[in-house]
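Quick look at entry.pdb (PDB, C-alpha atoms, pLDDT in the B column):
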ATOM      1  CA  MET A   1      19.501 -29.170  24.909  1.00 45.00           C
ATOM      2  CA  ALA A   2      17.857 -32.567  24.711  1.00 45.00           C
ATOM      3  CA  SER A   3      15.034 -33.220  27.130  1.00 43.00           C
ATOM      4  CA  THR A   4      15.907 -35.808  29.742  1.00 47.00           C
ATOM      5  CA  ASN A   5      12.309 -36.277  30.825  1.00 54.00           C
ATOM      6  CA  PRO A   6      11.277 -39.915  31.053  1.00 59.00           C
ATOM      7  CA  PRO A   7       8.900 -40.919  28.275  1.00 70.00           C
ATOM      8  CA  GLY A   8       5.319 -39.898  29.018  1.00 93.00           C
ATOM      9  CA  PHE A   9       2.991 -42.340  30.728  1.00 95.00           C
ATOM     10  CA  TYR A  10       1.106 -43.338  27.562  1.00 95.00           C
ATOM     11  CA  GLN A  11       4.323 -43.602  25.595  1.00 94.00           C
ATOM     12  CA  ARG A  12       5.738 -45.970  28.209  1.00 95.00           C
ATOM     13  CA  LEU A  13       2.539 -48.022  28.071  1.00 95.00           C
ATOM     14  CA  GLN A  14       2.770 -48.377  24.309  1.00 93.00           C
ATOM     15  CA  GLN A  15       6.431 -49.402  24.485  1.00 94.00           C
ATOM     16  CA  LEU A  16       5.658 -52.343  26.784  1.00 96.00           C
ATOM     17  CA  PRO A  17       5.673 -55.870  25.369  1.00 96.00           C
ATOM     18  CA  LEU A  18       2.179 -57.136  24.622  1.00 96.00           C
ATOM     19  CA  ALA A  19       2.020 -59.473  27.637  1.00 96.00           C
ATOM     20  CA  ALA A  20       2.930 -56.579  29.941  1.00 97.00           C
ATOM     21  CA  GLN A  21       0.215 -54.417  28.349  1.00 97.00           C
ATOM     22  CA  GLN A  22      -2.260 -57.248  28.904  1.00 97.00           C
ATOM     23  CA  ALA A  23      -1.255 -57.569  32.561  1.00 98.00           C
ATOM     24  CA  PHE A  24      -1.679 -53.781  32.941  1.00 98.00           C
ATOM     25  CA  MET A  25      -5.176 -53.932  31.446  1.00 98.00           C
ATOM     26  CA  ALA A  26      -6.127 -56.973  33.515  1.00 98.00           C
ATOM     27  CA  ALA A  27      -5.130 -55.163  36.729  1.00 98.00           C
ATOM     28  CA  LEU A  28      -7.233 -52.122  35.762  1.00 98.00           C
ATOM     29  CA  CYS A  29     -10.159 -54.407  34.887  1.00 98.00           C
ATOM     30  CA  GLU A  30      -9.906 -56.017  38.336  1.00 98.00           C
ATOM     31  CA  ARG A  31     -10.347 -52.585  39.849  1.00 98.00           C
ATOM     32  CA  LEU A  32     -13.391 -51.851  37.679  1.00 98.00           C
ATOM     33  CA  LEU A  33     -15.218 -55.056  38.652  1.00 97.00           C
ATOM     34  CA  PRO A  34     -16.654 -53.793  41.985  1.00 97.00           C
ATOM     35  CA  ASN A  35     -18.466 -51.032  40.041  1.00 97.00           C
ATOM     36  CA  TYR A  36     -20.106 -53.706  37.887  1.00 98.00           C
ATOM     37  CA  ALA A  37     -20.945 -55.801  40.938  1.00 97.00           C
ATOM     38  CA  LEU A  38     -22.617 -52.808  42.610  1.00 96.00           C
ATOM     39  CA  TYR A  39     -24.668 -52.126  39.487  1.00 97.00           C
ATOM     40  CA  GLU A  40     -25.734 -55.771  39.369  1.00 96.00           C
ATOM     41  CA  GLN A  41     -26.615 -55.764  43.057  1.00 95.00           C
ATOM     42  CA  THR A  42     -28.672 -52.574  42.898  1.00 95.00           C
ATOM     43  CA  THR A  43     -30.513 -53.242  39.607  1.00 95.00           C
ATOM     44  CA  GLY A  44     -30.599 -57.016  39.263  1.00 94.00           C
ATOM     45  CA  HIS A  45     -29.131 -56.632  35.753  1.00 93.00           C
ATOM     46  CA  GLY A  46     -25.821 -58.085  34.712  1.00 95.00           C
ATOM     47  CA  ASP A  47     -23.702 -61.169  35.171  1.00 96.00           C
ATOM     48  CA  GLY A  48     -20.672 -60.479  37.324  1.00 96.00           C
ATOM     49  CA  HIS A  49     -19.824 -64.188  37.444  1.00 97.00           C
ATOM     50  CA  THR A  50     -19.132 -64.219  33.707  1.00 97.00           C
ATOM     51  CA  LEU A  51     -16.951 -61.104  33.933  1.00 97.00           C
ATOM     52  CA  ARG A  52     -15.010 -62.674  36.792  1.00 97.00           C
ATOM     53  CA  ALA A  53     -14.634 -65.972  34.891  1.00 97.00           C
ATOM     54  CA  VAL A  54     -13.412 -64.274  31.701  1.00 97.00           C
ATOM     55  CA  LEU A  55     -10.885 -62.201  33.623  1.00 97.00           C
ATOM     56  CA  ASN A  56      -9.677 -65.329  35.440  1.00 97.00           C
ATOM     57  CA  LEU A  57      -9.033 -66.951  32.054  1.00 97.00           C
ATOM     58  CA  VAL A  58      -6.978 -63.946  30.988  1.00 97.00           C
ATOM     59  CA  TRP A  59      -4.790 -64.266  34.103  1.00 97.00           C
ATOM     60  CA  GLU A  60      -4.457 -67.986  33.404  1.00 96.00           C
ATOM     61  CA  ARG A  61      -3.296 -67.266  29.857  1.00 95.00           C
ATOM     62  CA  LEU A  62      -0.793 -64.688  31.129  1.00 96.00           C
ATOM     63  CA  SER A  63       0.763 -67.116  33.587  1.00 95.00           C
ATOM     64  CA  VAL A  64       0.545 -70.117  31.220  1.00 93.00           C
ATOM     65  CA  PRO A  65       1.112 -68.574  27.750  1.00 88.00           C
ATOM     66  CA  GLY A  66       0.379 -71.876  25.998  1.00 88.00           C
ATOM     67  CA  ALA A  67      -3.046 -72.290  27.642  1.00 88.00           C
ATOM     68  CA  SER A  68      -5.614 -73.042  24.970  1.00 90.00           C
ATOM     69  CA  ILE A  69      -8.549 -70.705  25.557  1.00 92.00           C
ATOM     70  CA  ASP A  70     -11.196 -69.723  23.006  1.00 94.00           C
ATOM     71  CA  PHE A  71     -11.199 -65.964  23.533  1.00 93.00           C
ATOM     72  CA  ALA A  72     -13.610 -65.367  20.650  1.00 93.00           C
ATOM     73  CA  ARG A  73     -16.192 -67.405  22.573  1.00 95.00           C
ATOM     74  CA  GLN A  74     -15.374 -65.492  25.766  1.00 95.00           C
ATOM     75  CA  ALA A  75     -15.911 -62.208  23.912  1.00 94.00           C
ATOM     76  CA  GLU A  76     -19.400 -63.391  22.883  1.00 95.00           C
ATOM     77  CA  LYS A  77     -20.251 -64.251  26.492  1.00 96.00           C
ATOM     78  CA  LEU A  78     -18.966 -60.875  27.589  1.00 96.00           C
ATOM     79  CA  ALA A  79     -21.145 -58.981  25.114  1.00 94.00           C
ATOM     80  CA  GLU A  80     -24.201 -60.504  26.815  1.00 95.00           C
ATOM     81  CA  CYS A  81     -23.137 -58.933  30.128  1.00 97.00           C
ATOM     82  CA  GLU A  82     -23.593 -55.344  28.962  1.00 96.00           C
ATOM     83  CA  PRO A  83     -26.200 -53.277  30.816  1.00 96.00           C
ATOM     84  CA  PRO A  84     -29.530 -53.042  28.942  1.00 93.00           C
ATOM     85  CA  GLU A  85     -29.558 -50.524  26.119  1.00 90.00           C
ATOM     86  CA  GLY A  86     -31.404 -47.437  27.187  1.00 92.00           C
ATOM     87  CA  ASP A  87     -30.122 -47.566  30.755  1.00 95.00           C
ATOM     88  CA  GLU A  88     -28.293 -44.251  30.865  1.00 94.00           C
ATOM     89  CA  SER A  89     -27.768 -44.283  34.610  1.00 96.00           C
ATOM     90  CA  PHE A  90     -24.373 -43.521  36.086  1.00 96.00           C
ATOM     91  CA  GLY A  91     -24.138 -47.066  37.439  1.00 97.00           C
ATOM     92  CA  ALA A  92     -24.876 -48.575  34.032  1.00 97.00           C
ATOM     93  CA  ARG A  93     -22.188 -46.461  32.383  1.00 97.00           C
ATOM     94  CA  ARG A  94     -19.583 -47.542  34.935  1.00 97.00           C
ATOM     95  CA  ALA A  95     -20.701 -51.180  34.580  1.00 98.00           C
ATOM     96  CA  LEU A  96     -20.282 -50.792  30.819  1.00 98.00           C
ATOM     97  CA  ASP A  97     -16.761 -49.427  31.413  1.00 98.00           C
ATOM     98  CA  ALA A  98     -15.859 -52.761  33.012  1.00 98.00           C
ATOM     99  CA  VAL A  99     -17.325 -54.805  30.129  1.00 98.00           C
ATOM    100  CA  VAL A 100     -15.735 -52.621  27.441  1.00 97.00           C
ATOM    101  CA  SER A 101     -12.350 -52.732  29.161  1.00 98.00           C
ATOM    102  CA  ILE A 102     -12.343 -56.520  29.435  1.00 98.00           C
ATOM    103  CA  SER A 103     -13.470 -56.671  25.776  1.00 97.00           C
ATOM    104  CA  ALA A 104     -10.525 -54.478  24.755  1.00 97.00           C
ATOM    105  CA  LEU A 105      -8.237 -56.821  26.658  1.00 97.00           C
ATOM    106  CA  LEU A 106      -9.738 -59.841  24.842  1.00 96.00           C
ATOM    107  CA  ASP A 107      -9.173 -58.073  21.513  1.00 95.00           C
ATOM    108  CA  THR A 108      -5.433 -58.074  22.217  1.00 95.00           C
ATOM    109  CA  LEU A 109      -5.556 -61.842  22.817  1.00 94.00           C
ATOM    110  CA  GLN A 110      -7.219 -62.410  19.447  1.00 92.00           C
ATOM    111  CA  GLY A 111      -5.062 -60.208  17.264  1.00 89.00           C
ATOM    112  CA  GLU A 112      -3.689 -56.719  16.828  1.00 82.00           C
ATOM    113  CA  SER A 113      -5.256 -54.019  18.948  1.00 90.00           C
ATOM    114  CA  PRO A 114      -2.515 -51.445  19.545  1.00 88.00           C
ATOM    115  CA  GLU A 115      -4.770 -48.816  21.124  1.00 94.00           C
ATOM    116  CA  ALA A 116      -6.422 -51.168  23.615  1.00 97.00           C
ATOM    117  CA  VAL A 117      -4.039 -50.496  26.496  1.00 97.00           C
ATOM    118  CA  LEU A 118      -4.538 -46.727  26.132  1.00 96.00           C
ATOM    119  CA  ASP A 119      -8.316 -47.153  25.872  1.00 97.00           C
ATOM    120  CA  VAL A 120      -8.486 -49.115  29.132  1.00 98.00           C
ATOM    121  CA  SER A 121      -6.268 -46.611  30.945  1.00 97.00           C
ATOM    122  CA  ARG A 122      -8.368 -43.677  29.707  1.00 97.00           C
ATOM    123  CA  THR A 123     -11.672 -45.434  30.434  1.00 98.00           C
ATOM    124  CA  SER A 124     -10.677 -45.899  34.065  1.00 98.00           C
ATOM    125  CA  ARG A 125      -9.560 -42.262  34.399  1.00 97.00           C
ATOM    126  CA  ALA A 126     -12.714 -40.990  32.660  1.00 97.00           C
ATOM    127  CA  GLY A 127     -14.904 -42.933  35.095  1.00 98.00           C
ATOM    128  CA  VAL A 128     -13.172 -41.223  38.004  1.00 97.00           C
ATOM    129  CA  ARG A 129     -13.687 -37.810  36.396  1.00 96.00           C
ATOM    130  CA  ALA A 130     -17.371 -38.534  35.785  1.00 95.00           C
ATOM    131  CA  PHE A 131     -17.823 -39.672  39.386  1.00 96.00           C
ATOM    132  CA  ILE A 132     -16.242 -36.494  40.752  1.00 95.00           C
ATOM    133  CA  GLU A 133     -18.444 -34.375  38.462  1.00 93.00           C
ATOM    134  CA  LEU A 134     -21.505 -36.282  39.657  1.00 93.00           C
ATOM    135  CA  THR A 135     -20.698 -36.083  43.366  1.00 92.00           C
ATOM    136  CA  GLU A 136     -19.214 -32.587  43.583  1.00 89.00           C
ATOM    137  CA  GLY A 137     -21.706 -30.816  41.337  1.00 79.00           C
ATOM    138  CA  GLU A 138     -19.475 -27.832  40.545  1.00 76.00           C
ATOM    139  CA  GLU A 139     -21.041 -25.602  37.872  1.00 80.00           C
ATOM    140  CA  ASP A 140     -18.012 -23.543  36.917  1.00 89.00           C
ATOM    141  CA  ALA A 141     -15.905 -25.422  34.353  1.00 88.00           C
ATOM    142  CA  ASN A 142     -12.562 -24.024  35.552  1.00 92.00           C
ATOM    143  CA  ALA A 143     -13.368 -24.695  39.186  1.00 92.00           C
ATOM    144  CA  LEU A 144     -14.477 -28.210  38.250  1.00 91.00           C
ATOM    145  CA  ALA A 145     -11.260 -28.862  36.315  1.00 92.00           C
ATOM    146  CA  LEU A 146      -9.198 -27.824  39.344  1.00 93.00           C
ATOM    147  CA  LEU A 147     -11.395 -29.854  41.647  1.00 93.00           C
ATOM    148  CA  ILE A 148     -10.927 -32.962  39.491  1.00 94.00           C
ATOM    149  CA  ARG A 149      -7.174 -32.394  39.227  1.00 94.00           C
ATOM    150  CA  ASP A 150      -6.713 -32.070  42.998  1.00 95.00           C
ATOM    151  CA  HIS A 151      -9.328 -34.625  44.066  1.00 96.00           C
ATOM    152  CA  PRO A 152      -8.109 -37.557  46.217  1.00 97.00           C
ATOM    153  CA  LEU A 153      -9.750 -40.020  43.787  1.00 97.00           C
ATOM    154  CA  THR A 154      -7.804 -38.529  40.861  1.00 96.00           C
ATOM    155  CA  GLU A 155      -4.596 -38.770  42.844  1.00 96.00           C
ATOM    156  CA  ASP A 156      -5.444 -42.332  43.825  1.00 97.00           C
ATOM    157  CA  GLU A 157      -6.160 -43.279  40.188  1.00 97.00           C
ATOM    158  CA  ASN A 158      -2.915 -41.726  38.944  1.00 96.00           C
ATOM    159  CA  ASN A 159      -0.880 -43.397  41.691  1.00 97.00           C
ATOM    160  CA  PHE A 160      -2.582 -46.730  41.024  1.00 98.00           C
ATOM    161  CA  GLN A 161      -1.894 -46.653  37.279  1.00 97.00           C
ATOM    162  CA  ASP A 162       1.705 -45.567  37.927  1.00 97.00           C
ATOM    163  CA  ALA A 163       2.167 -48.434  40.392  1.00 97.00           C
ATOM    164  CA  VAL A 164       0.740 -50.995  37.948  1.00 98.00           C
ATOM    165  CA  LEU A 165       2.947 -49.647  35.151  1.00 98.00           C
ATOM    166  CA  GLU A 166       6.009 -50.063  37.376  1.00 97.00           C
ATOM    167  CA  GLU A 167       5.012 -53.638  38.238  1.00 97.00           C
ATOM    168  CA  VAL A 168       4.353 -54.741  34.658  1.00 98.00           C
ATOM    169  CA  SER A 169       7.661 -53.220  33.552  1.00 97.00           C
ATOM    170  CA  GLN A 170       9.441 -56.033  35.465  1.00 96.00           C
ATOM    171  CA  PRO A 171       9.885 -59.484  33.942  1.00 95.00           C
ATOM    172  CA  LEU A 172       6.499 -61.211  34.205  1.00 95.00           C
ATOM    173  CA  THR A 173       6.939 -64.322  36.321  1.00 95.00           C
ATOM    174  CA  LYS A 174       4.068 -66.208  37.939  1.00 95.00           C
ATOM    175  CA  ASP A 175       4.900 -64.447  41.209  1.00 96.00           C
ATOM    176  CA  THR A 176       4.997 -60.998  39.616  1.00 96.00           C
ATOM    177  CA  LEU A 177       1.645 -61.687  37.961  1.00 98.00           C
ATOM    178  CA  LYS A 178       0.187 -62.770  41.281  1.00 97.00           C
ATOM    179  CA  GLY A 179       1.332 -59.470  42.799  1.00 97.00           C
ATOM    180  CA  ILE A 180      -0.095 -57.459  39.891  1.00 98.00           C
ATOM    181  CA  ARG A 181      -3.427 -59.236  40.230  1.00 98.00           C
ATOM    182  CA  GLN A 182      -3.461 -58.537  43.966  1.00 97.00           C
ATOM    183  CA  LEU A 183      -2.646 -54.879  43.273  1.00 97.00           C
ATOM    184  CA  GLY A 184      -5.519 -54.725  40.785  1.00 98.00           C
ATOM    185  CA  ARG A 185      -7.962 -56.203  43.264  1.00 97.00           C
ATOM    186  CA  ASN A 186      -7.134 -53.247  45.483  1.00 96.00           C
ATOM    187  CA  GLY A 187      -8.759 -54.815  48.542  1.00 95.00           C
ATOM    188  CA  GLY A 188     -12.090 -54.940  46.701  1.00 96.00           C
ATOM    189  CA  VAL A 189     -12.242 -51.148  46.301  1.00 97.00           C
ATOM    190  CA  SER A 190     -12.940 -49.803  42.816  1.00 97.00           C
ATOM    191  CA  ASN A 191     -11.415 -46.809  41.019  1.00 97.00           C
ATOM    192  CA  LEU A 192     -14.375 -44.794  42.379  1.00 97.00           C
ATOM    193  CA  GLY A 193     -13.538 -45.716  45.956  1.00 96.00           C
ATOM    194  CA  LEU A 194     -16.588 -48.017  46.107  1.00 95.00           C
ATOM    195  CA  SER A 195     -16.698 -51.571  47.332  1.00 93.00           C
ATOM    196  CA  LEU A 196     -19.259 -54.300  47.434  1.00 79.00           C
ATOM    197  CA  ASP A 197     -19.702 -55.509  50.978  1.00 69.00           C
ATOM    198  CA  GLU A 198     -19.804 -59.210  50.351  1.00 47.00           C
ATOM    199  CA  ALA A 199     -21.708 -59.965  53.504  1.00 33.00           C
TER     200      ALA A 199
END
In structure tokens, what does this structure look like?
Amino acid sequence: MASTNPPGFYQRLQQLPLAAQQAFMAALCERLLPNYALYEQTTGHGDGHTLRAVLNLVWERLSVPGASIDFARQAEKLAECEPPEGDESFGARRALDAVVSISALLDTLQGESPEAVLDVSRTSRAGVRAFIELTEGEEDANALALLIRDHPLTEDENNFQDAVLEEVSQPLTKDTLKGIRQLGRNGGVSNLGLSLDEA
């Protein structure tokens, strides 16, 4: 008997038109930005303004497909925003996640990059896993795996990615894109449940 299961999450992602994949990645990148901002605030390293500006240009391109933007130049600017080499701290790794994810998104605007959408999705999920491992400190691998699976942050991440996938599966109008961007901003709370209090 043929399986009537809907295509798996990653399969559905890969079947999306390119613009929908880009909107998906942009929403996930929005949700990674507070982690970068926190790293910048606590260490003094980084350039969150550039990340924000590059991501804004991506949204502009999505809503105005003919917009002439030099994404190769943006990619160069982005590379300069990476945390210093040798900083192996948890914060630096999560800040790097944000830079790498926006870079993957830029790759798709400059040519073929079929794996990019999967990379960004997995990067966001992996950051959540790493955060739970760091904060829960469970030694037993099986217990840790269960803890990660049932953790509220894991559930939140899965629900968030599912919600974004649903949104980008609609026709992408300017209004839909606005909603997707709002969803990605997630009230300023990152995939790790952290937010930068912009006092």
* Asked: Written as number ranges by chain, which residues does the PyMOL selection byres ((chain A and resi 13) around 12) give for the file shown?
  -> A: 7-12, 14-25, 114-122, 161-162, 164-169
A straight line from atom CA of Leu32 of chain A to atom CA of Ala53 of chain A spans 14.4 Å
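For the atom pair formed by atom CA of Leu153 of chain A and atom CA of His45 of chain A, the distance is 26.8 Å, given to one decimal.
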Query raised in the report: So what does the PyMOL selection byres ((chain A and resi 43) around 12) actually pick up in this one, as a list in words?
Result: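 Those residues are Tyr36, Ala37, Leu38, Tyr39, Glu40, Gln41, Thr42, Gly44, His45, Gly46, Asp47, Pro83, Pro84, Asp87, Ser89, Gly91, Ala92 and Ala95 of chain A.
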Closest of A:Val189, A:Leu57, A:Leu172, A:Ile180 to Asn35 of chain A, counting all atoms listed in the file, is A:Val189
Can you measure atom CA of Gly179 of chain A to atom CA of Asn158 of chain A for me? One decimal in Å is fine.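 Going from atom CA of Gly179 of chain A over to atom CA of Asn158 of chain A covers 18.6 Å.
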(Q) Calculated over only C-alpha atoms, which of the candidates A:Thr108, A:Ala163, A:Asp97, A:Glu82 has the smallest distance to Pro34 of chain A? (A)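 Answer, going by the shortest atom-to-atom distance: A:Asp97.
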Using only C-alpha atoms, the best pick from A:Gly137, A:Gly193, A:Gly184, A:Gly66 as closest to Phe160 of chain A would be A:Gly184
Please provide the set of residues having any atom within 8 Å of Gly127 of chain A, restricted to all atoms listed in the file, with same-chain residues fewer than 2 positions apart removed, written as a ChimeraX atom specification. /A:94,97,123-125,129-131,191-192
Expected file contents, prior selection, C-alpha atoms, as a PDB file, in the frame of the given file:
ATOM      1  CA  ARG A  94     -19.583 -47.542  34.935  1.00 97.00           C
ATOM      2  CA  ASP A  97     -16.761 -49.427  31.413  1.00 98.00           C
ATOM      3  CA  THR A 123     -11.672 -45.434  30.434  1.00 98.00           C
ATOM      4  CA  SER A 124     -10.677 -45.899  34.065  1.00 98.00           C
ATOM      5  CA  ARG A 125      -9.560 -42.262  34.399  1.00 97.00           C
ATOM      6  CA  ARG A 129     -13.687 -37.810  36.396  1.00 96.00           C
ATOM      7  CA  ALA A 130     -17.371 -38.534  35.785  1.00 95.00           C
ATOM      8  CA  PHE A 131     -17.823 -39.672  39.386  1.00 96.00           C
ATOM      9  CA  ASN A 191     -11.415 -46.809  41.019  1.00 97.00           C
ATOM     10  CA  LEU A 192     -14.375 -44.794  42.379  1.00 97.00           C
TER      11      LEU A 192
END
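Taken over the whole file, the PyMOL selection byres ((chain A and resi 69) around 12) covers exactly Val54, Leu55, Asn56, Leu57, Val58, Trp59, Glu60, Arg61, Leu62, Val64, Pro65, Gly66, Ala67, Ser68, Asp70, Phe71, Ala72, Arg73, Gln74, Ala75, Leu106, Leu109 and Gln110 of chain A.
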- Show which residues sit within 10 Å of segment 146-150 of chain A, as a count of residues only. Count only C-alpha atoms, and ignore same-chain residues fewer than 5 positions away. 10
Identify, on the basis of all atoms listed in the file, every residue whose closest approach to Glu30 of chain A does not exceed 7 Å; exclude the query and any residue fewer than 3 positions from it along the same chain; express the result as an NGL selection string. :A and (26-27 or 33 or 184-185)
Taking C-alpha atoms for each residue, export the selection above as a PDB file, in the coordinates of the input.
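What follows is the written file result.pdb:
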ATOM      1  CA  ALA A  26      -6.127 -56.973  33.515  1.00 98.00           C
ATOM      2  CA  ALA A  27      -5.130 -55.163  36.729  1.00 98.00           C
ATOM      3  CA  LEU A  33     -15.218 -55.056  38.652  1.00 97.00           C
ATOM      4  CA  GLY A 184      -5.519 -54.725  40.785  1.00 98.00           C
ATOM      5  CA  ARG A 185      -7.962 -56.203  43.264  1.00 97.00           C
TER       6      ARG A 185
END
Please, what is the axis-aligned box for every listed atom of segment 131-137 of chain A with 6 Å on each side, as centre and edge lengths in Å to one decimal, as lines of an AutoDock Vina configuration file?
center_x = -19.0
center_y = -35.2
center_z = 41.0
size_x = 17.5
size_y = 20.9
size_z = 17.1
